[in-house]
Every structure is written in C-alpha cells, then in structure tokens.
file data.tsv (TSV, C-alpha atoms and all ligand atoms)
chain	number	residue	atom	x	y	z
A	157	MET	CA	59.86	75.86	-123.94
A	158	GLN	CA	62.34	73.03	-123.46
A	159	ILE	CA	64.14	70.77	-125.90
A	160	ASP	CA	63.33	67.08	-125.61
A	161	LEU	CA	66.27	64.78	-124.89
A	162	ASP	CA	65.97	61.48	-123.07
A	163	TYR	CA	68.12	61.36	-119.93
A	164	ALA	CA	66.52	58.21	-118.49
A	165	ASP	CA	69.04	56.25	-116.34
A	166	ARG	CA	71.54	59.14	-116.53
A	167	HIS	CA	72.86	60.60	-113.28
A	168	VAL	CA	73.02	64.40	-113.22
A	169	VAL	CA	74.56	66.22	-110.24
A	170	VAL	CA	73.83	69.94	-109.85
A	171	PHE	CA	75.97	71.68	-107.22
A	172	GLY	CA	74.29	74.87	-106.06
A	173	GLY	CA	71.21	73.32	-107.65
A	174	THR	CA	68.53	74.27	-105.14
A	175	THR	CA	67.51	77.76	-106.34
A	176	GLY	CA	67.54	80.04	-109.36
A	177	ILE	CA	69.31	79.18	-112.60
A	178	ASN	CA	70.83	75.96	-111.31
A	179	PHE	CA	67.50	74.74	-109.95
A	180	GLY	CA	66.02	75.47	-113.40
A	181	ILE	CA	68.71	73.22	-114.86
A	182	ALA	CA	68.01	70.47	-112.32
A	183	GLN	CA	64.30	70.68	-113.08
A	184	ALA	CA	64.91	70.43	-116.83
A	185	PHE	CA	67.03	67.29	-116.44
A	186	ALA	CA	64.39	65.79	-114.14
A	187	ARG	CA	61.73	66.50	-116.79
A	188	GLN	CA	63.90	64.46	-119.16
A	189	ARG	CA	63.67	61.55	-116.70
A	190	ALA	CA	67.23	61.82	-115.29
A	191	ARG	CA	68.35	60.74	-111.84
A	192	VAL	CA	69.09	64.13	-110.34
A	193	THR	CA	71.19	65.01	-107.30
A	194	VAL	CA	70.91	68.61	-106.06
A	195	ALA	CA	73.36	69.94	-103.49
A	196	SER	CA	73.77	73.20	-101.58
A	197	ARG	CA	74.61	74.68	-98.18
A	198	ARG	CA	71.25	75.10	-96.57
A	199	GLN	CA	69.05	72.21	-95.49
A	200	GLU	CA	65.87	74.24	-96.07
A	201	ASN	CA	66.87	74.97	-99.68
A	202	VAL	CA	67.70	71.31	-100.31
A	203	ASP	CA	64.38	70.19	-98.81
A	204	ALA	CA	62.41	72.77	-100.82
A	205	ALA	CA	64.15	71.82	-104.08
A	206	VAL	CA	63.55	68.10	-103.55
A	207	ALA	CA	59.89	68.81	-102.72
A	208	ALA	CA	59.50	71.01	-105.81
A	209	LEU	CA	60.95	68.26	-107.95
A	210	ALA	CA	58.47	65.74	-106.54
A	211	ALA	CA	55.95	66.36	-109.33
A	212	VAL	CA	58.61	65.64	-111.93
A	213	ARG	CA	59.43	62.39	-110.16
A	214	GLU	CA	56.09	61.05	-111.33
A	215	ALA	CA	57.34	61.33	-114.91
A	216	GLY	CA	60.08	58.79	-114.11
A	217	ALA	CA	62.82	60.99	-112.71
A	218	GLU	CA	64.51	60.22	-109.40
A	219	VAL	CA	65.70	62.97	-107.09
A	220	HIS	CA	68.21	63.09	-104.26
A	221	GLY	CA	69.21	66.09	-102.14
A	222	VAL	CA	72.49	66.57	-100.26
A	223	VAL	CA	73.66	69.36	-97.96
A	224	ALA	CA	77.26	70.41	-98.64
A	225	ASP	CA	79.17	73.69	-98.63
A	226	VAL	CA	81.50	73.83	-101.64
A	227	ARG	CA	84.14	75.46	-99.43
A	228	ASP	CA	84.41	72.20	-97.48
A	229	PHE	CA	86.44	69.76	-99.61
A	230	ASP	CA	85.55	66.72	-97.50
A	231	ALA	CA	81.84	67.56	-97.41
A	232	VAL	CA	81.82	67.80	-101.21
A	233	GLY	CA	83.54	64.40	-101.41
A	234	ALA	CA	80.99	62.89	-99.05
A	235	ALA	CA	78.15	64.33	-101.16
A	236	PHE	CA	79.48	62.59	-104.27
A	237	ALA	CA	80.03	59.31	-102.42
A	238	GLN	CA	76.44	59.41	-101.19
A	239	SER	CA	74.87	60.33	-104.53
A	240	VAL	CA	76.93	57.83	-106.53
A	241	GLN	CA	76.02	55.05	-104.15
A	242	ARG	CA	72.39	55.83	-104.88
A	243	PHE	CA	72.39	56.68	-108.60
A	244	GLY	CA	75.71	55.36	-110.02
A	245	PRO	CA	78.48	57.16	-111.96
A	246	VAL	CA	77.91	60.78	-112.85
A	247	ASP	CA	76.99	61.43	-116.49
A	248	VAL	CA	76.51	65.19	-116.20
A	249	LEU	CA	77.98	67.48	-113.54
A	250	VAL	CA	76.77	71.06	-113.24
A	251	SER	CA	78.92	73.24	-110.95
A	252	GLY	CA	77.10	76.51	-110.25
A	253	ALA	CA	77.35	77.45	-106.58
A	254	ALA	CA	78.12	81.16	-106.25
A	255	GLY	CA	77.87	84.16	-103.96
A	256	ASN	CA	77.95	87.83	-104.88
A	257	PHE	CA	77.31	91.42	-103.82
A	258	LEU	CA	78.06	94.82	-105.29
A	259	CYS	CA	80.93	96.62	-103.59
A	260	ALA	CA	83.61	99.03	-104.73
A	261	ALA	CA	87.06	97.43	-104.51
A	262	GLN	CA	88.45	100.07	-102.18
A	263	ALA	CA	85.58	99.48	-99.76
A	264	MET	CA	85.75	95.69	-99.88
A	265	SER	CA	87.28	93.87	-96.92
A	266	SER	CA	89.82	91.13	-97.43
A	267	ASN	CA	87.28	88.63	-96.17
A	268	GLY	CA	84.61	90.02	-98.52
A	269	PHE	CA	86.88	89.38	-101.51
A	270	LYS	CA	87.93	86.01	-100.15
A	271	VAL	CA	84.44	84.70	-99.47
A	272	VAL	CA	83.40	85.07	-103.12
A	273	VAL	CA	86.64	83.58	-104.42
A	274	ASP	CA	86.27	80.72	-101.94
A	275	ILE	CA	82.74	79.91	-103.05
A	276	ASP	CA	82.98	80.54	-106.79
A	277	LEU	CA	86.53	79.50	-107.63
A	278	VAL	CA	87.93	77.31	-104.86
A	279	GLY	CA	84.47	75.75	-104.49
A	280	SER	CA	84.37	74.91	-108.21
A	281	PHE	CA	87.78	73.27	-107.92
A	282	HIS	CA	86.53	71.22	-104.97
A	283	VAL	CA	83.45	70.11	-106.89
A	284	LEU	CA	85.31	69.13	-110.06
A	285	ARG	CA	88.24	67.58	-108.18
A	286	GLN	CA	85.98	65.44	-106.00
A	287	ALA	CA	83.73	64.55	-108.95
A	288	HIS	CA	86.53	63.23	-111.13
A	289	ALA	CA	86.69	59.76	-109.54
A	290	HIS	CA	82.94	59.38	-109.99
A	291	LEU	CA	82.51	60.69	-113.55
A	292	ARG	CA	81.53	58.22	-116.28
A	293	LYS	CA	84.58	57.64	-118.44
A	294	PRO	CA	84.27	58.03	-121.35
A	295	GLY	CA	81.19	60.16	-121.86
A	296	ALA	CA	80.78	62.51	-118.89
A	297	SER	CA	79.95	66.17	-119.48
A	298	VAL	CA	80.99	68.82	-116.94
A	299	ILE	CA	79.21	72.17	-117.14
A	300	GLN	CA	80.41	75.14	-115.12
A	301	ILE	CA	78.15	78.15	-114.62
A	302	THR	CA	80.22	81.27	-115.04
A	303	ALA	CA	79.22	84.91	-115.70
A	304	PRO	CA	79.90	87.68	-118.23
A	305	GLN	CA	82.19	89.38	-115.67
A	306	SER	CA	84.75	86.64	-116.35
A	307	PHE	CA	85.71	88.41	-119.57
A	308	VAL	CA	83.89	91.79	-119.45
A	309	PRO	CA	85.13	93.58	-116.32
A	310	MET	CA	82.32	95.10	-114.28
A	311	ARG	CA	82.63	97.81	-111.65
A	312	TYR	CA	81.96	96.72	-108.03
A	313	GLN	CA	82.63	93.13	-109.08
A	314	ALA	CA	86.39	92.77	-108.42
A	315	HIS	CA	85.81	89.59	-106.42
A	316	ALA	CA	83.35	87.92	-108.81
A	317	SER	CA	85.19	89.02	-111.97
A	318	ALA	CA	88.44	87.53	-110.66
A	319	ALA	CA	86.73	84.38	-109.41
A	320	LYS	CA	84.72	83.68	-112.57
A	321	ALA	CA	87.76	84.32	-114.80
A	322	GLY	CA	89.44	81.62	-112.72
A	323	VAL	CA	86.44	79.35	-113.14
A	324	ASP	CA	86.72	79.67	-116.92
A	325	GLN	CA	90.44	78.89	-116.90
A	326	LEU	CA	89.64	75.86	-114.73
A	327	THR	CA	87.19	74.79	-117.43
A	328	ARG	CA	89.80	75.11	-120.15
A	329	THR	CA	92.59	73.46	-118.14
A	330	LEU	CA	90.48	70.47	-117.16
A	331	ALA	CA	89.15	70.11	-120.70
A	332	LEU	CA	92.82	69.62	-121.65
A	333	GLU	CA	93.67	67.29	-118.78
A	334	TRP	CA	90.51	65.18	-118.87
A	335	GLY	CA	89.86	65.06	-122.62
A	336	GLY	CA	91.89	61.85	-122.95
A	337	GLU	CA	89.48	60.14	-120.58
A	338	GLY	CA	86.51	61.15	-122.71
A	339	ILE	CA	85.31	63.87	-120.30
A	340	ARG	CA	84.11	67.16	-121.79
A	341	VAL	CA	84.31	70.37	-119.73
A	342	ASN	CA	82.52	73.59	-120.75
A	343	SER	CA	81.29	76.85	-119.23
A	344	ILE	CA	77.87	78.44	-119.69
A	345	SER	CA	77.87	82.21	-119.18
A	346	PRO	CA	74.30	83.37	-118.47
A	347	GLY	CA	73.22	86.92	-119.15
A	348	PRO	CA	70.55	88.65	-117.00
A	349	ILE	CA	68.12	85.88	-116.10
A	350	ASP	CA	64.82	87.27	-114.90
A	351	GLY	CA	63.50	86.27	-111.49
A	352	THR	CA	66.84	85.13	-110.08
A	353	GLU	CA	68.79	86.24	-107.05
A	354	GLY	CA	71.86	87.27	-109.03
A	355	PHE	CA	69.83	89.41	-111.42
A	356	ARG	CA	67.91	91.09	-108.61
A	357	LYS	CA	71.02	91.76	-106.54
A	358	LEU	CA	73.35	92.95	-109.27
A	359	MET	CA	71.41	94.26	-112.24
A	360	ALA	CA	67.89	95.17	-111.18
A	361	PRO	CA	67.54	96.18	-107.54
A	362	THR	CA	65.09	98.93	-108.66
A	363	ALA	CA	62.65	99.39	-111.57
A	364	GLU	CA	64.98	102.04	-112.99
A	365	ASP	CA	67.91	99.63	-112.89
A	366	ARG	CA	65.78	96.95	-114.53
A	367	ALA	CA	64.88	99.22	-117.45
A	368	PHE	CA	68.52	100.16	-117.89
A	369	ALA	CA	69.60	96.51	-117.85
A	370	LEU	CA	67.09	95.69	-120.59
A	371	GLY	CA	68.63	98.35	-122.80
A	372	GLN	CA	71.97	96.52	-122.54
A	373	VAL	CA	70.64	93.35	-124.17
A	374	PRO	CA	70.73	93.39	-127.99
A	375	LEU	CA	67.85	90.88	-128.18
A	376	GLN	CA	65.82	93.25	-125.97
A	377	ARG	CA	64.58	90.73	-123.45
A	378	PHE	CA	65.84	89.18	-120.25
A	379	GLY	CA	66.75	85.50	-120.25
A	380	SER	CA	64.60	82.75	-118.74
A	381	LEU	CA	65.51	79.66	-116.75
A	382	ASP	CA	64.66	77.59	-119.85
A	383	ASP	CA	67.14	79.53	-121.98
A	384	ILE	CA	69.98	78.32	-119.76
A	385	ALA	CA	68.52	74.86	-119.10
A	386	ASN	CA	68.21	74.15	-122.83
A	387	LEU	CA	71.90	74.85	-123.32
A	388	ALA	CA	72.76	72.58	-120.38
A	389	LEU	CA	70.55	69.80	-121.79
A	390	PHE	CA	72.35	70.13	-125.11
A	391	LEU	CA	75.87	70.22	-123.59
A	392	GLY	CA	75.13	67.14	-121.50
A	393	SER	CA	73.97	65.17	-124.53
A	394	PRO	CA	75.77	63.23	-127.29
A	395	TYR	CA	74.76	66.02	-129.70
A	396	ALA	CA	77.52	68.09	-128.08
A	397	ALA	CA	80.06	65.23	-128.25
A	398	TYR	CA	82.75	67.36	-129.95
A	399	ILE	CA	82.40	70.46	-127.77
A	400	SER	CA	84.95	70.83	-124.97
A	401	GLY	CA	86.81	73.73	-123.39
A	402	ALA	CA	84.19	76.19	-124.69
A	403	LEU	CA	82.94	79.27	-122.85
A	404	ILE	CA	79.44	79.75	-124.20
A	405	PRO	CA	77.46	82.95	-123.55
A	406	CYS	CA	73.69	82.57	-123.28
A	407	ASP	CA	72.87	86.23	-122.88
A	408	GLY	CA	70.94	87.67	-125.81
A	409	GLY	CA	74.20	89.18	-127.04
A	410	GLY	CA	74.65	91.15	-123.82
A	411	ALA	CA	78.36	90.40	-123.43
A	412	LEU	CA	78.96	92.38	-126.61
A	413	GLU	CA	78.10	95.49	-124.62
A	414	SER	CA	80.24	96.83	-121.81
A	415	VAL	CA	78.26	95.55	-118.82
A	416	LYS	CA	77.47	98.32	-116.36
A	417	PRO	CA	75.32	98.34	-113.31
A	418	ALA	CA	72.63	101.00	-113.67
A	419	LEU	CA	73.94	103.08	-110.80
A	420	GLU	CA	77.12	103.72	-112.74
A	421	ALA	CA	75.29	104.83	-115.88
A	422	ALA	CA	73.13	107.15	-113.80
A	423	GLY	CA	76.26	108.79	-112.40
A	424	ARG	CA	75.51	107.59	-108.90
A	425	ARG	CA	78.23	106.55	-106.50
A	426	GLY	CA	79.19	102.92	-106.23
A	427	PRO	CA	78.02	100.85	-103.26
A	428	GLY	CA	80.41	101.12	-100.38
A	429	ALA	CA	82.54	103.69	-102.22
A	430	ALA	CA	84.75	105.60	-99.84
A	431	GLY	CA	85.49	109.31	-99.86
B	1	LIG	C1	80.30	94.50	-98.67
B	1	LIG	C2	79.95	92.35	-97.83
B	1	LIG	C3	78.61	92.36	-98.32
B	1	LIG	C4	78.15	93.54	-99.01
B	1	LIG	C5	78.98	90.46	-97.32
B	1	LIG	N1	80.12	91.16	-97.24
B	1	LIG	N2	78.05	91.16	-97.98
B	1	LIG	N3	80.78	93.40	-98.02
B	1	LIG	N4	79.03	94.55	-99.17
B	1	LIG	N5	76.91	93.60	-99.49
B	1	LIG	C6	81.35	90.77	-96.54
B	1	LIG	C7	81.11	90.63	-95.05
B	1	LIG	O1	81.19	91.89	-94.41
B	1	LIG	C8	82.23	89.70	-94.64
B	1	LIG	O2	83.46	90.38	-94.54
B	1	LIG	C9	82.37	88.77	-95.83
B	1	LIG	O3	81.77	89.45	-96.95
B	1	LIG	C10	81.67	87.45	-95.62
B	1	LIG	O4	80.29	87.70	-95.33
B	1	LIG	P1	79.36	86.59	-94.67
B	1	LIG	O5	77.99	87.14	-94.65
B	1	LIG	O6	79.96	86.13	-93.37
B	1	LIG	O7	79.53	85.38	-95.68
B	1	LIG	P2	78.58	84.13	-95.98
B	1	LIG	O8	77.54	83.97	-94.90
B	1	LIG	O9	79.47	83.00	-96.27
B	1	LIG	O10	77.76	84.58	-97.29
B	1	LIG	C11	78.39	84.66	-98.53
B	1	LIG	C12	77.83	85.83	-99.34
B	1	LIG	C13	76.28	85.78	-99.41
B	1	LIG	C14	78.47	85.77	-100.73
B	1	LIG	C15	78.23	87.15	-98.66
B	1	LIG	O11	75.80	86.89	-100.14
B	1	LIG	C16	75.77	84.51	-100.02
B	1	LIG	O12	75.79	83.46	-99.42
B	1	LIG	N6	75.28	84.56	-101.26
B	1	LIG	C17	74.72	83.38	-101.97
B	1	LIG	C18	73.60	83.82	-102.88
B	1	LIG	C19	74.04	84.76	-103.98
B	1	LIG	O13	74.77	85.76	-103.71
B	1	LIG	N7	73.56	84.52	-105.17
B	1	LIG	C20	73.84	85.39	-106.34
B	1	LIG	C21	74.84	84.76	-107.20
B	1	LIG	S1	74.84	85.75	-108.67
B	1	LIG	P3	84.05	90.89	-93.07
B	1	LIG	O14	85.34	91.57	-93.42
B	1	LIG	O15	83.02	91.81	-92.51
B	1	LIG	O16	84.24	89.65	-92.25
B	1	LIG	C22	76.34	85.72	-109.38
B	1	LIG	C23	76.61	86.43	-110.68
B	1	LIG	C24	75.49	87.16	-111.34
B	1	LIG	O17	77.21	85.12	-108.88
B	1	LIG	C25	76.00	87.94	-112.54
B	1	LIG	C26	74.97	88.89	-113.14
B	1	LIG	C27	75.50	89.72	-114.27
B	2	LIG	P1	71.18	81.72	-106.56
B	2	LIG	O1	69.72	81.46	-106.73
B	2	LIG	O2	71.63	82.46	-105.36
B	2	LIG	O3	71.91	80.30	-106.64
B	2	LIG	C1	73.09	80.01	-105.96
B	2	LIG	C2	73.02	78.57	-105.51
B	2	LIG	O4	74.29	78.22	-104.95
B	2	LIG	C3	71.99	78.28	-104.45
B	2	LIG	O5	71.43	77.00	-104.66
B	2	LIG	C4	72.78	78.31	-103.14
B	2	LIG	O6	72.09	77.53	-102.16
B	2	LIG	C5	74.09	77.71	-103.63
B	2	LIG	N1	75.26	78.09	-102.85
B	2	LIG	C6	75.67	79.35	-102.51
B	2	LIG	N2	76.78	79.28	-101.77
B	2	LIG	C7	77.09	77.97	-101.65
B	2	LIG	C8	78.13	77.25	-100.99
B	2	LIG	N3	79.09	77.88	-100.30
B	2	LIG	N4	78.13	75.89	-101.08
B	2	LIG	C9	77.16	75.24	-101.76
B	2	LIG	N5	76.16	75.85	-102.40
B	2	LIG	C10	76.13	77.20	-102.33
B	2	LIG	O7	71.80	82.49	-107.79
B	2	LIG	P2	71.49	82.61	-109.36
B	2	LIG	O8	71.32	84.04	-109.63
B	2	LIG	O9	70.47	81.65	-109.82
B	2	LIG	O10	72.93	82.20	-109.94
B	2	LIG	C11	73.24	80.85	-110.26
B	2	LIG	C12	74.54	80.79	-111.04
B	2	LIG	O11	74.41	81.55	-112.25
B	2	LIG	C13	75.74	81.34	-110.31
B	2	LIG	O12	76.88	80.59	-110.61
B	2	LIG	C14	75.87	82.74	-110.87
B	2	LIG	O13	77.18	83.24	-110.76
B	2	LIG	C15	75.46	82.51	-112.31
B	2	LIG	N6	74.96	83.72	-113.01
B	2	LIG	C16	73.74	84.23	-112.69
B	2	LIG	C17	73.21	85.29	-113.41
B	2	LIG	C18	71.83	85.81	-113.14
B	2	LIG	O14	71.29	86.60	-113.93
B	2	LIG	N7	71.19	85.38	-112.07
B	2	LIG	C19	73.98	85.86	-114.44
B	2	LIG	C20	75.24	85.35	-114.71
B	2	LIG	C21	75.72	84.26	-114.00
B	2	LIG	P3	72.41	77.63	-100.58
B	2	LIG	O15	72.18	79.05	-100.18
B	2	LIG	O16	71.47	76.63	-99.97
B	2	LIG	O17	73.83	77.20	-100.43
call {"tool": "encode", "arguments": {"input": "data.tsv", "output": "structure tokens"}}
result
Amino acid sequence: MQIDLDYADRHVVVFGGTTGINFGIAQAFARQRARVTVASRRQENVDAAVAALAAVREAGAEVHGVVADVRDFDAVGAAFAQSVQRFGPVDVLVSGAAGNFLCAAQAMSSNGFKVVVDIDLVGSFHVLRQAHAHLRKPGASVIQITAPQSFVPMRYQAHASAAKAGVDQLTRTLALEWGGEGIRVNSISPGPIDGTEGFRKLMAPTAEDRAFALGQVPLQRFGSLDDIANLALFLGSPYAAYISGALIPCDGGGALESVKPALEAAGRRGPGAAG
C-alpha cells in the first residue's frame, strides 16, 4: 500500500537504487510519475532495475540508469552530470549504497573494516558532495538510508555501526550547512525489511534466526519495501517541508530493543571469532 503524491516533472536520484530497499524507493517514486535515476556498481543490476521499472514508465515516469561505484568520487560526479543533463536539477536524492557482513571485530581484517566504511560512509560523502551543485535550491530533499546499528551497537557489526553512525552525523552536519539554501537532509533507519539482502545476511540466515528476529520487533512483523518507500515519498514532498536533520526509524519499534543477531542469543560463537 503506497501513499499517493504527485512527483511528475520531479527528478529523483537513488544511489544504490538497483536492488532491495533502495530499488523499492525508486519504484515508488516512479509510480508517482517522477523522473528517476538509479545508480549502482554493477551493470547487470542497473540494466535489471531499468527493465523492471519499464512497466512504471507507461504511467508517465521516466527512468535512467547509471553505473557508478560510490567509492569513486569522479565516477559519482560523472553520474550526476549525466543524469542532470537528461532530467534537470535534482529534487530528491536518496543515498543508500551499502555493503555488510557479520564478523567479530577481532577477526576482521583492516581491509574488511575499511571496505564497509568506504562504501557506507565515504561513499555517502561522495554522493552528497557531488550532488550539492545539482540540487534544486531551494526545495531539494536529501534522504540517507542508515541502519539501527548507528545508535544501537550490534555485535559483529563494528564496521557498519561505525560507518552508519558517521552517515547520521553527516546528515545532521549537512542539514546545518545546507539549510540556508533551502535543502533538507534526513536519515531513514529501516528495521528488518523482509526479502532484502541485508535482512537475509544479517538477521535471518536461517529459519531459527528469522523467528528470533521477529521476536525483537514490538509490532510483531517484518517491514516491507512499501513501509520504507512511503516514508521516503513523504520526506521528499512539501508535506515534510519543516523536517531536517532528523534520524527517523522505520522499524516497528525494533530500535527500542537491544538488537542482537540470533546466533548471539542462542549462545553460539560469533562469525569469524578467534580462539
Ligand atoms: C570477513 C570479509 C567478509 C566476511 C568480505 N570480507 N566478506 N571478512 N567476513 N563475510 C573482507 C575481505 O576478506 C576483504 O578483506 C575485504 O572484506 C573486502 O572484500 P571484497 O570482497 O574484496 O570487497 P568488495 O568486492 O568491494 O565487496 C564489498 C562487500 C560485499 C561489502 C564485502 O559484501 C558487497 O559488495 N556487499 C554489497 C551488498 C550488501 O552487503 N548488501 C547488504 C547491505 S545491508 P581482505 O583483508 O581479505 O582483503 C546493511 C545493513 C543492514 O548495510 C542492517 C540490518 C539490521
Ligand atoms: P542491497 O539490496 O544489497 O542494496 C545495496 C545497493 O547498493 C545495491 O543496489 C548495490 O548494487 C548498491 N551498492 C553496493 N555497493 C555499492 C558501491 N560501492 N557503489 C555503488 N552502489 C553500491 O541491500 P538492502 O538490504 O536493500 O539495503 C539497502 C540499504 O538499507 C542499505 O543502506 C542498508 O544499510 C540499509 N538497511 C537495510 C536493512 C535491511 O533490513 N535490509 C536494515 C537496515 C538498513 P551493486 O551491487 O550493483 O553496486
């Protein structure tokens, strides 16, 4: 079920927008007739996302796909230049590219820590920094996709917890710096969203883990792509005109609990734990 807001003639860029939660957001904006740019690393993901959005195109949306790795500052800049040439200034920017895996800190290599910080945090800086010149001023809405680990520490998530905490401080800092130009910057913090890569990898690799994860959500259900997309549609719209610098959980109340991967609750050893 999606809220109905007209995004006709609005340009929405979704970085990391070719799969999962971010693709759900891209699809929702396309259904509201936006001009949507999706960007990610892999050509096959970009092609598949653009093809999947083809049906929505018939409803008046326009779709453009770009290949860019958020770790490559110049490639991100080129992606914006290309998309803005096609669809004009950016009205809504969603920055959601991320990578993750479970690993105990003492077993994590320096490069393993660095790769997640590079994608999630440095990559977000690249996306927002390169977007700034192309954002509609005043009026643009920037939405970062963060995670509960940014404020609820989670075992085996040293890299992602540190990176997403940085992402949220980037949100708050740029809300301060860019507010005078009429740009709003907010973070959405999704809870366990069923059917996504992050959920499968981190919270529900087995049926037992899945059942445990459900017990950690006060509303007693997993989230859907629409749950997150609805919040993004709202934050991108004039109805959210006075919301900036906010970190908004969309998690069924899950962040109120201490988030634990099931293997910890079951007394099993952490992945990659030494000794
Ligand atoms: C330990 C690992 C590892 C693992 C990789 N590494 N996987 N270490 N356990 N499972 C280490 C490698 O050994 C290497 O270090 C370093 O990380 C880089 O690995 P690469 O495979 O070369 O990196 P790359 O190809 O750039 O891939 C990045 C990635 C990958 C993050 C490792 O998983 C990826 O691209 N993921 C994107 C999709 C994804 O993860 N989506 C979920 C997002 S969910 P060495 O030292 O050997 O060189 C999310 C939050 C969900 O973010 C929150 C839910 C509550
Ligand atoms: P996903 O399907 O793996 O989505 C990640 C997206 O980012 C993909 O489109 C991927 O495409 C892209 N990406 C990865 N590395 C990139 C890079 N270096 N440069 C550019 N694009 C890159 O994961 P998801 O589970 O839906 O998660 C989406 C977002 O929600 C993430 O920010 C995640 O932290 C957050 N989140 C998810 C959950 C959950 O339950 N799933 C919970 C909390 C927060 P390519 O592989 O083609 O690059």
call {"tool": "residues_near_ligand", "arguments": {"input": "data.tsv", "ligand": "ligand LIG 2 (chain B)", "cutoff": "7 Å", "atoms": "only C-alpha atoms and all ligand atoms", "output": "ChimeraX atom specification"}}
result
/A:171-179,195-199,201-202,224-227,252-255,275,301-304,345-350,352-355
call {"tool": "residues_around", "arguments": {"input": "data.tsv", "residues": "Ala208 (chain A)", "least_positions_apart": "3", "cutoff": "12 Å", "atoms": "only C-alpha atoms", "output": "list in words"}}
result
Thr174, Thr175, Phe179, Gly180, Ala182, Gln183, Ala186, Val194, Asn201, Val202, Asp203, Ala204, Ala205, Ala211, Val212, Arg213, Glu214, Val219, His220 and Gly221 of chain A
call {"tool": "axis_aligned_box", "arguments": {"input": "data.tsv", "around": "region 267-282 of chain A", "padding_each_side": "3 Å", "output": "lines of an AutoDock Vina configuration file"}}
result
center_x = 85.3
center_y = 80.6
center_z = -102.2
size_x = 11.2
size_y = 24.8
size_z = 18.0
call {"tool": "atom_distance", "arguments": {"input": "data.tsv", "atom1": "CA of Val192 (chain A)", "atom2": "CA of Ala385 (chain A)"}}
result
13.9 Å
call {"tool": "closest_residue", "arguments": {"input": "data.tsv", "among": "A:Val308, A:Val232, A:Met359, A:Ile384", "to": "ligand LIG 1 (chain B)", "atoms": "all atoms listed in the file"}}
result
A:Met359
call {"tool": "closest_residue", "arguments": {"input": "data.tsv", "among": "A:Pro245, A:Gly322, A:Pro294, A:Gly335", "to": "Ser306 (chain A)", "atoms": "all atoms listed in the file"}}
result
A:Gly322
call {"tool": "closest_residue", "arguments": {"input": "data.tsv", "among": "A:Val373, A:Ile344, A:Val223, A:Val250", "to": "Val168 (chain A)", "atoms": "only C-alpha atoms"}}
result
A:Val250
